[in-house]
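*Asks:* Structure file start_11.txt, compact mmCIF, C-alpha atoms, is pasted below:
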# COMPACT_ATOMS: atom_id res chain seq x y z
CA MET A 1 -32.38 -41.71 -16.89
CA GLU A 2 -28.66 -41.39 -16.25
CA LYS A 3 -25.44 -41.16 -18.18
CA THR A 4 -21.76 -41.04 -17.23
CA VAL A 5 -19.37 -38.54 -18.81
CA ARG A 6 -15.81 -37.38 -18.31
CA ILE A 7 -14.76 -33.79 -17.54
CA LEU A 8 -12.62 -32.68 -20.48
CA ASN A 9 -11.79 -29.03 -19.86
CA GLU A 10 -8.40 -28.23 -18.33
CA GLU A 11 -9.68 -26.30 -15.30
CA GLY A 12 -12.22 -28.94 -14.22
CA PHE A 13 -15.70 -28.31 -12.85
CA HIS A 14 -15.01 -24.92 -11.21
CA ALA A 15 -17.08 -21.74 -10.93
CA ARG A 16 -17.61 -20.95 -14.57
CA PRO A 17 -18.60 -24.48 -15.69
CA ALA A 18 -20.85 -24.80 -12.63
CA GLY A 19 -22.68 -21.62 -13.61
CA VAL A 20 -23.12 -22.78 -17.19
CA PHE A 21 -24.26 -26.25 -16.05
CA VAL A 22 -26.81 -24.93 -13.53
CA LYS A 23 -28.25 -22.49 -16.07
CA LYS A 24 -28.84 -25.35 -18.49
CA ALA A 25 -30.09 -27.74 -15.77
CA SER A 26 -32.59 -25.13 -14.56
CA GLU A 27 -34.26 -25.15 -17.99
CA PHE A 28 -35.66 -28.60 -17.15
CA LYS A 29 -38.39 -29.62 -14.73
CA ALA A 30 -36.65 -32.89 -13.87
CA THR A 31 -34.73 -33.26 -10.63
CA ILE A 32 -31.04 -33.39 -11.54
CA GLU A 33 -28.22 -34.92 -9.55
CA VAL A 34 -24.53 -35.12 -10.28
CA ARG A 35 -22.75 -38.13 -8.80
CA SER A 36 -19.03 -38.67 -8.46
CA ASN A 37 -17.07 -41.04 -6.22
CA GLY A 38 -20.25 -42.03 -4.39
CA ILE A 39 -21.20 -38.43 -3.58
CA SER A 40 -24.43 -37.04 -5.02
CA LYS A 41 -25.11 -33.31 -5.34
CA ASN A 42 -27.98 -31.13 -6.55
CA GLY A 43 -27.33 -30.38 -10.24
CA LYS A 44 -29.19 -27.08 -9.95
CA SER A 45 -26.97 -25.65 -7.18
CA ILE A 46 -23.74 -23.87 -8.15
CA MET A 47 -22.21 -24.19 -4.69
CA ALA A 48 -23.14 -27.88 -4.41
CA LEU A 49 -21.53 -28.69 -7.75
CA MET A 50 -18.39 -26.72 -6.95
CA SER A 51 -18.12 -28.56 -3.65
CA LEU A 52 -17.47 -31.78 -5.61
CA GLY A 53 -14.11 -30.23 -6.54
CA LEU A 54 -13.92 -32.16 -9.80
CA ALA A 55 -10.73 -31.94 -11.84
CA LYS A 56 -10.13 -32.72 -15.50
CA ASP A 57 -10.67 -36.41 -16.33
CA ALA A 58 -13.05 -36.96 -13.39
CA GLU A 59 -16.08 -39.08 -14.28
CA ILE A 60 -19.52 -37.86 -13.33
CA THR A 61 -22.92 -39.48 -13.62
CA ILE A 62 -25.77 -37.13 -14.46
CA VAL A 63 -29.06 -38.47 -13.08
CA ALA A 64 -32.37 -36.86 -14.05
CA THR A 65 -35.81 -37.80 -12.74
CA GLY A 66 -39.01 -36.34 -14.16
CA ALA A 67 -41.04 -35.81 -17.32
CA ASP A 68 -38.21 -34.25 -19.34
CA GLU A 69 -35.41 -36.43 -17.91
CA ASN A 70 -34.22 -37.76 -21.27
CA ALA A 71 -33.85 -34.31 -22.81
CA ALA A 72 -32.14 -33.04 -19.64
CA VAL A 73 -29.53 -35.82 -19.58
CA GLU A 74 -28.85 -35.44 -23.32
CA ALA A 75 -28.42 -31.66 -23.07
CA LEU A 76 -26.22 -31.78 -19.96
CA THR A 77 -23.95 -34.59 -21.16
CA ALA A 78 -23.52 -32.71 -24.45
CA LEU A 79 -22.57 -29.59 -22.48
CA VAL A 80 -19.90 -31.44 -20.47
CA ALA A 81 -18.56 -33.12 -23.63
CA ASN A 82 -18.33 -29.68 -25.25
CA LYS A 83 -16.15 -28.43 -22.32
CA PHE A 84 -19.03 -26.27 -21.05
CA GLN A 85 -19.00 -24.05 -24.12
CA ILE A 86 -22.47 -22.76 -24.87
CA MET B 1 -37.73 2.57 -4.95
CA SER B 2 -39.66 4.91 -2.64
CA LEU B 3 -38.85 5.06 1.04
CA LEU B 4 -42.26 3.66 1.88
CA SER B 5 -41.95 0.59 -0.36
CA LYS B 6 -38.43 0.05 0.92
CA LEU B 7 -39.72 -0.01 4.48
CA PHE B 8 -42.42 -2.48 3.54
CA SER B 9 -40.06 -4.78 1.64
CA LYS B 10 -37.68 -4.79 4.60
CA SER B 11 -40.41 -5.67 7.04
CA ALA B 12 -41.57 -8.50 4.76
CA ALA B 13 -38.19 -10.20 4.44
CA ASP B 14 -35.10 -10.88 6.52
CA SER B 15 -32.28 -8.52 5.71
CA VAL B 16 -28.70 -9.80 5.59
CA ALA B 17 -25.75 -7.41 5.66
CA VAL B 18 -22.73 -8.50 3.63
CA PHE B 19 -19.55 -6.65 4.59
CA ALA B 20 -16.54 -6.08 2.34
CA PRO B 21 -14.28 -9.17 2.57
CA LEU B 22 -11.30 -7.23 1.21
CA SER B 23 -9.95 -3.69 1.31
CA GLY B 24 -9.91 -1.91 -2.03
CA ARG B 25 -12.31 -0.32 -4.44
CA ILE B 26 -15.87 -1.62 -4.64
CA LEU B 27 -17.47 -2.09 -8.06
CA PRO B 28 -20.81 -3.22 -9.45
CA ILE B 29 -20.71 -6.87 -10.54
CA THR B 30 -21.43 -5.70 -14.10
CA GLU B 31 -17.96 -4.11 -14.25
CA VAL B 32 -16.09 -7.38 -13.74
CA PRO B 33 -13.98 -8.00 -16.88
CA ASP B 34 -15.43 -11.48 -17.42
CA ASP B 35 -18.76 -12.17 -19.11
CA VAL B 36 -19.72 -15.05 -16.81
CA PHE B 37 -19.53 -12.83 -13.71
CA ALA B 38 -20.61 -9.54 -15.35
CA GLY B 39 -23.58 -11.35 -16.95
CA LYS B 40 -24.55 -12.65 -13.46
CA MET B 41 -24.46 -16.25 -14.68
CA LEU B 42 -23.23 -17.34 -11.24
CA GLY B 43 -25.48 -14.87 -9.44
CA ASP B 44 -25.66 -11.23 -8.40
CA GLY B 45 -23.37 -9.40 -5.98
CA PHE B 46 -20.48 -6.97 -6.25
CA ALA B 47 -16.74 -6.91 -6.86
CA ILE B 48 -13.68 -5.50 -5.17
CA GLU B 49 -10.43 -4.42 -6.78
CA PRO B 50 -8.23 -5.29 -3.78
CA THR B 51 -5.35 -3.27 -2.41
CA GLU B 52 -4.17 -6.02 -0.06
CA GLY B 53 -4.08 -9.80 -0.22
CA ARG B 54 -6.28 -10.67 2.75
CA VAL B 55 -9.83 -12.01 2.67
CA LEU B 56 -11.92 -11.71 5.85
CA ALA B 57 -15.29 -13.32 6.57
CA PRO B 58 -18.00 -10.93 5.27
CA PHE B 59 -20.52 -12.16 7.88
CA ASP B 60 -20.93 -14.96 10.43
CA CYS B 61 -20.82 -18.06 8.27
CA GLU B 62 -19.79 -21.64 7.62
CA VAL B 63 -17.14 -22.59 5.07
CA VAL B 64 -18.87 -24.63 2.36
CA GLN B 65 -15.98 -25.04 0.00
CA VAL B 66 -12.29 -24.27 -0.26
CA PHE B 67 -11.27 -24.68 -3.88
CA ARG B 68 -8.40 -27.12 -4.43
CA THR B 69 -6.50 -24.31 -6.13
CA GLY B 70 -7.14 -21.89 -3.26
CA HIS B 71 -8.36 -19.09 -5.51
CA ALA B 72 -11.98 -19.15 -4.34
CA ILE B 73 -14.02 -19.81 -1.22
CA GLY B 74 -17.68 -20.71 -0.79
CA LEU B 75 -19.45 -19.56 2.40
CA ARG B 76 -22.94 -20.08 3.81
CA GLY B 77 -24.18 -17.14 5.83
CA PRO B 78 -27.36 -15.98 7.60
CA GLY B 79 -30.61 -17.24 6.06
CA GLY B 80 -28.72 -19.90 4.09
CA LEU B 81 -27.23 -17.26 1.80
CA GLU B 82 -24.42 -18.82 -0.26
CA LEU B 83 -21.56 -16.52 -1.16
CA LEU B 84 -18.68 -17.20 -3.53
CA ILE B 85 -15.54 -15.08 -3.20
CA HIS B 86 -13.44 -15.57 -6.34
CA ILE B 87 -10.00 -13.95 -6.16
CA GLY B 88 -9.21 -12.36 -9.53
CA ILE B 89 -10.24 -13.54 -13.00
CA ASP B 90 -8.92 -16.73 -14.64
CA THR B 91 -6.93 -17.42 -11.47
CA VAL B 92 -7.83 -21.13 -11.60
CA LYS B 93 -4.97 -21.29 -14.14
CA MET B 94 -2.47 -20.31 -11.42
CA ALA B 95 -3.06 -23.81 -9.97
CA GLY B 96 -2.78 -22.66 -6.38
CA GLU B 97 0.43 -20.64 -6.65
CA GLY B 98 0.25 -17.58 -4.38
CA PHE B 99 -2.97 -18.59 -2.57
CA SER B 100 -3.03 -19.61 1.12
CA PRO B 101 -6.48 -20.55 2.45
CA LYS B 102 -6.61 -20.30 6.26
CA VAL B 103 -9.87 -22.21 6.79
CA SER B 104 -11.24 -25.65 6.06
CA GLU B 105 -14.63 -26.91 4.93
CA GLY B 106 -17.26 -27.07 7.64
CA GLN B 107 -15.47 -24.50 9.80
CA LYS B 108 -17.65 -21.86 11.49
CA LEU B 109 -16.42 -18.27 11.17
CA LYS B 110 -17.27 -14.94 12.75
CA LYS B 111 -17.42 -11.77 10.69
CA GLY B 112 -13.86 -10.47 10.28
CA ASP B 113 -12.09 -13.83 10.76
CA LEU B 114 -9.18 -14.38 8.36
CA VAL B 115 -10.29 -16.64 5.48
CA LEU B 116 -7.47 -16.54 2.97
CA GLU B 117 -4.25 -14.75 2.14
CA PHE B 118 -2.84 -14.29 -1.34
CA ASP B 119 0.17 -12.72 -3.03
CA LEU B 120 -1.39 -9.60 -4.54
CA ALA B 121 1.65 -8.74 -6.69
CA LEU B 122 1.84 -12.27 -8.10
CA VAL B 123 -1.88 -12.41 -8.93
CA LYS B 124 -1.61 -8.96 -10.54
CA SER B 125 1.21 -10.16 -12.76
CA LYS B 126 -0.27 -13.55 -13.69
CA ALA B 127 -4.06 -13.23 -13.76
CA LYS B 128 -6.27 -11.61 -16.37
CA SER B 129 -7.52 -9.25 -13.64
CA ILE B 130 -7.20 -8.81 -9.89
CA ILE B 131 -10.86 -7.73 -9.64
CA THR B 132 -12.54 -10.11 -7.19
CA PRO B 133 -16.23 -10.98 -7.66
CA VAL B 134 -18.29 -11.61 -4.52
CA VAL B 135 -21.38 -13.45 -5.73
CA ILE B 136 -24.55 -14.91 -4.21
CA THR B 137 -24.84 -18.33 -5.89
CA ASN B 138 -28.34 -19.21 -4.61
CA MET B 139 -30.27 -16.26 -6.01
CA TYR B 140 -33.58 -18.12 -5.55
CA ALA B 141 -33.18 -17.33 -1.84
CA VAL B 142 -32.88 -13.60 -2.57
CA LYS B 143 -35.76 -11.20 -2.85
CA SER B 144 -33.73 -8.08 -3.59
CA LEU B 145 -30.29 -6.65 -3.01
CA GLU B 146 -28.73 -3.24 -2.74
CA LEU B 147 -25.09 -2.21 -3.10
CA VAL B 148 -24.40 0.06 -0.14
CA GLY B 149 -20.64 0.49 -0.45
CA SER B 150 -18.99 2.75 -3.00
CA GLY B 151 -15.47 3.82 -3.89
CA ALA B 152 -12.68 2.89 -1.50
CA VAL B 153 -13.64 0.43 1.25
CA ARG B 154 -11.87 -1.26 4.13
CA SER B 155 -12.58 -4.91 4.81
CA GLY B 156 -15.47 -4.99 7.27
CA ASP B 157 -17.20 -1.93 5.81
CA PRO B 158 -20.84 -2.39 4.69
CA ALA B 159 -21.00 -3.58 1.07
CA LEU B 160 -24.33 -5.18 0.23
CA ASN B 161 -27.74 -5.49 1.82
CA VAL B 162 -29.70 -8.56 0.86
CA SER B 163 -33.38 -9.19 1.49
CA SER B 164 -33.92 -12.93 1.59
CA ASN B 165 -37.07 -14.88 0.86
CA HIS B 166 -37.10 -16.56 4.27
Please lay out the structure from this file as structure tokens.
*Replies:*
Amino acid sequence: MEKTVRILNEEGFHARPAGVFVKKASEFKATIEVRSNGISKNGKSIMALMSLGLAKDAEITIVATGADENAAVEALTALVANKFQI
Amino acid sequence: MSLLSKLFSKSAADSVAVFAPLSGRILPITEVPDDVFAGKMLGDGFAIEPTEGRVLAPFDCEVVQVFRTGHAIGLRGPGGLELLIHIGIDTVKMAGEGFSPKVSEGQKLKKGDLVLEFDLALVKSKAKSIITPVVITNMYAVKSLELVGSGAVRSGDPALNVSSNH
């Protein structure tokens, strides 16, 4: 299961959003990857996600693999769409 | 923790010493005026209220990430420990003004090497706080940690001892 979303918050995918994203991603058993511009990073690693250096308006594809992959992709895309507000 | 159990836990895990990357006043992470850091959402660690605008490598490490806006640096140290040094609070909004990273991604550093310089007065005037969190972002690799610095520190002084799971 995968879905592509756009980063909407002004500051991009920096430390705070990465922390919020990883906390949510870690609630799921599925393996989670975040892809952007052909680079794929572990969606459960704060440093890996920050290393993508994603700015506002960047598109990311959230890829989940595992039993709860559908729920994981839905929850994480909703989080990005909501500007990482929990 | 008793001395005996401390000895046992140290023999069971590798210990990594994290030194103060900045001179200033060392604080528990819970005193950072930002709920994401104080609530340890990014990980555990400590903070420094800096008295000068120079960040030095807190251990032998590799540069994992230099933020586009220069306000934060990600390092990978002994035992794969990942450390984020985030200068001030809400400094991403300064969009790079006043920050001069001196390293690039993939670069290998020795403890004490210059990592980044910043305009302390400018950050003080523009940011929500100058308090700088130093956070371990891969806490799954950490068995326990202990803040060993207190009060005023110079960069290079002992700050945190980390027992890793390796």
*Asks:* Just how far from CA of Val135 in chain B is CA of Ile29 in chain B, in Å to one decimal?
*Replies:*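 Those two atoms sit 8.2 Å apart.
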*Asks:* Quick one: residues within 10 Å of range 37-43 of chain B, all atoms listed in the file, excluding same-chain residues fewer than 6 positions away - as an MDAnalysis selection string?
*Replies:* (chainID A and resid 15:20 22:23 45:47) or (chainID B and resid 28:31 83:84 86 89 132:140)
*Asks:* Kindly give the distance, in Å, that separates CA of Val162 in chain B and CA of Val36 in chain B, rounded to a single decimal.
*Replies:*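 If I compute the distance from CA of Val162 in chain B to CA of Val36 in chain B, I get 21.3 Å.
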*Asks:* Smallest atom-to-atom distance to Asp44 in chain B: which of B:Glu82, B:Glu105, B:Asp90, B:Asp113, using all atoms listed in the file?
*Replies:*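 Among the listed residues, the smallest separation from Asp44 in chain B belongs to B:Glu82.
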*Asks:* Quick one: distance from CA of Thr31 in chain A to CA of Gly66 in chain A in Å, one decimal?
*Replies:*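 These atoms are spaced 6.3 Å apart.
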*Asks:* Which is closer to chain B than all the others in A:Glu33, A:Glu2, A:Glu69, A:Glu11, using all atoms listed in the file?
*Replies:*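 The closest residue to chain B is A:Glu11.
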*Asks:* Could you rebuild range 25-49 of chain B with N, CA and C atoms and give me the result as a PDB file, keeping the file's coordinate frame?
*Replies:*
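Once written, out11.pdb looks like this:
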ATOM      1  N   ARG B  25     -11.285  -1.150  -3.817  1.00  0.00           N
ATOM      2  CA  ARG B  25     -12.310  -0.320  -4.440  1.00  0.00           C
ATOM      3  C   ARG B  25     -13.490  -1.214  -4.807  1.00  0.00           C
ATOM      4  N   ILE B  26     -14.683  -0.803  -4.387  1.00  0.00           N
ATOM      5  CA  ILE B  26     -15.870  -1.620  -4.640  1.00  0.00           C
ATOM      6  C   ILE B  26     -16.479  -1.249  -5.991  1.00  0.00           C
ATOM      7  N   LEU B  27     -16.940  -2.274  -6.703  1.00  0.00           N
ATOM      8  CA  LEU B  27     -17.470  -2.090  -8.060  1.00  0.00           C
ATOM      9  C   LEU B  27     -18.775  -2.866  -8.220  1.00  0.00           C
ATOM     10  N   PRO B  28     -19.656  -2.387  -9.109  1.00  0.00           N
ATOM     11  CA  PRO B  28     -20.810  -3.220  -9.450  1.00  0.00           C
ATOM     12  C   PRO B  28     -20.340  -4.502 -10.140  1.00  0.00           C
ATOM     13  N   ILE B  29     -21.079  -5.581  -9.948  1.00  0.00           N
ATOM     14  CA  ILE B  29     -20.710  -6.870 -10.540  1.00  0.00           C
ATOM     15  C   ILE B  29     -20.611  -6.767 -12.070  1.00  0.00           C
ATOM     16  N   THR B  30     -21.400  -5.851 -12.636  1.00  0.00           N
ATOM     17  CA  THR B  30     -21.430  -5.700 -14.100  1.00  0.00           C
ATOM     18  C   THR B  30     -20.118  -5.145 -14.659  1.00  0.00           C
ATOM     19  N   GLU B  31     -19.237  -4.643 -13.779  1.00  0.00           N
ATOM     20  CA  GLU B  31     -17.960  -4.110 -14.250  1.00  0.00           C
ATOM     21  C   GLU B  31     -16.806  -5.108 -14.154  1.00  0.00           C
ATOM     22  N   VAL B  32     -17.126  -6.345 -13.782  1.00  0.00           N
ATOM     23  CA  VAL B  32     -16.090  -7.380 -13.740  1.00  0.00           C
ATOM     24  C   VAL B  32     -15.699  -7.731 -15.181  1.00  0.00           C
ATOM     25  N   PRO B  33     -14.397  -7.741 -15.498  1.00  0.00           N
ATOM     26  CA  PRO B  33     -13.980  -8.000 -16.880  1.00  0.00           C
ATOM     27  C   PRO B  33     -14.031  -9.481 -17.260  1.00  0.00           C
ATOM     28  N   ASP B  34     -15.217 -10.075 -17.088  1.00  0.00           N
ATOM     29  CA  ASP B  34     -15.430 -11.480 -17.420  1.00  0.00           C
ATOM     30  C   ASP B  34     -16.930 -11.657 -17.618  1.00  0.00           C
ATOM     31  N   ASP B  35     -17.332 -12.163 -18.776  1.00  0.00           N
ATOM     32  CA  ASP B  35     -18.760 -12.170 -19.110  1.00  0.00           C
ATOM     33  C   ASP B  35     -19.580 -13.082 -18.211  1.00  0.00           C
ATOM     34  N   VAL B  36     -18.970 -14.140 -17.685  1.00  0.00           N
ATOM     35  CA  VAL B  36     -19.720 -15.050 -16.810  1.00  0.00           C
ATOM     36  C   VAL B  36     -20.142 -14.329 -15.523  1.00  0.00           C
ATOM     37  N   PHE B  37     -19.205 -13.572 -14.937  1.00  0.00           N
ATOM     38  CA  PHE B  37     -19.530 -12.830 -13.710  1.00  0.00           C
ATOM     39  C   PHE B  37     -20.352 -11.576 -14.030  1.00  0.00           C
ATOM     40  N   ALA B  38     -19.922 -10.789 -15.013  1.00  0.00           N
ATOM     41  CA  ALA B  38     -20.610  -9.540 -15.350  1.00  0.00           C
ATOM     42  C   ALA B  38     -22.040  -9.814 -15.816  1.00  0.00           C
ATOM     43  N   GLY B  39     -22.247 -10.972 -16.477  1.00  0.00           N
ATOM     44  CA  GLY B  39     -23.580 -11.350 -16.950  1.00  0.00           C
ATOM     45  C   GLY B  39     -24.406 -12.027 -15.867  1.00  0.00           C
ATOM     46  N   LYS B  40     -23.852 -12.085 -14.629  1.00  0.00           N
ATOM     47  CA  LYS B  40     -24.550 -12.650 -13.460  1.00  0.00           C
ATOM     48  C   LYS B  40     -24.931 -14.120 -13.662  1.00  0.00           C
ATOM     49  N   MET B  41     -24.156 -14.839 -14.447  1.00  0.00           N
ATOM     50  CA  MET B  41     -24.460 -16.250 -14.680  1.00  0.00           C
ATOM     51  C   MET B  41     -24.304 -17.072 -13.403  1.00  0.00           C
ATOM     52  N   LEU B  42     -23.388 -16.640 -12.523  1.00  0.00           N
ATOM     53  CA  LEU B  42     -23.230 -17.340 -11.240  1.00  0.00           C
ATOM     54  C   LEU B  42     -24.117 -16.736 -10.159  1.00  0.00           C
ATOM     55  N   GLY B  43     -24.641 -15.558 -10.419  1.00  0.00           N
ATOM     56  CA  GLY B  43     -25.480 -14.870  -9.440  1.00  0.00           C
ATOM     57  C   GLY B  43     -25.134 -13.395  -9.378  1.00  0.00           C
ATOM     58  N   ASP B  44     -25.868 -12.676  -8.531  1.00  0.00           N
ATOM     59  CA  ASP B  44     -25.660 -11.230  -8.400  1.00  0.00           C
ATOM     60  C   ASP B  44     -24.753 -10.961  -7.202  1.00  0.00           C
ATOM     61  N   GLY B  45     -24.231  -9.750  -7.100  1.00  0.00           N
ATOM     62  CA  GLY B  45     -23.370  -9.400  -5.980  1.00  0.00           C
ATOM     63  C   GLY B  45     -22.622  -8.119  -6.260  1.00  0.00           C
ATOM     64  N   PHE B  46     -21.315  -8.142  -5.984  1.00  0.00           N
ATOM     65  CA  PHE B  46     -20.480  -6.970  -6.250  1.00  0.00           C
ATOM     66  C   PHE B  46     -19.056  -7.463  -6.471  1.00  0.00           C
ATOM     67  N   ALA B  47     -18.139  -6.524  -6.674  1.00  0.00           N
ATOM     68  CA  ALA B  47     -16.740  -6.910  -6.860  1.00  0.00           C
ATOM     69  C   ALA B  47     -15.852  -5.927  -6.114  1.00  0.00           C
ATOM     70  N   ILE B  48     -14.657  -6.385  -5.794  1.00  0.00           N
ATOM     71  CA  ILE B  48     -13.680  -5.500  -5.170  1.00  0.00           C
ATOM     72  C   ILE B  48     -12.348  -5.616  -5.917  1.00  0.00           C
ATOM     73  N   GLU B  49     -11.788  -4.451  -6.231  1.00  0.00           N
ATOM     74  CA  GLU B  49     -10.430  -4.420  -6.780  1.00  0.00           C
ATOM     75  C   GLU B  49      -9.520  -4.247  -5.566  1.00  0.00           C
TER      76      GLU B  49
END
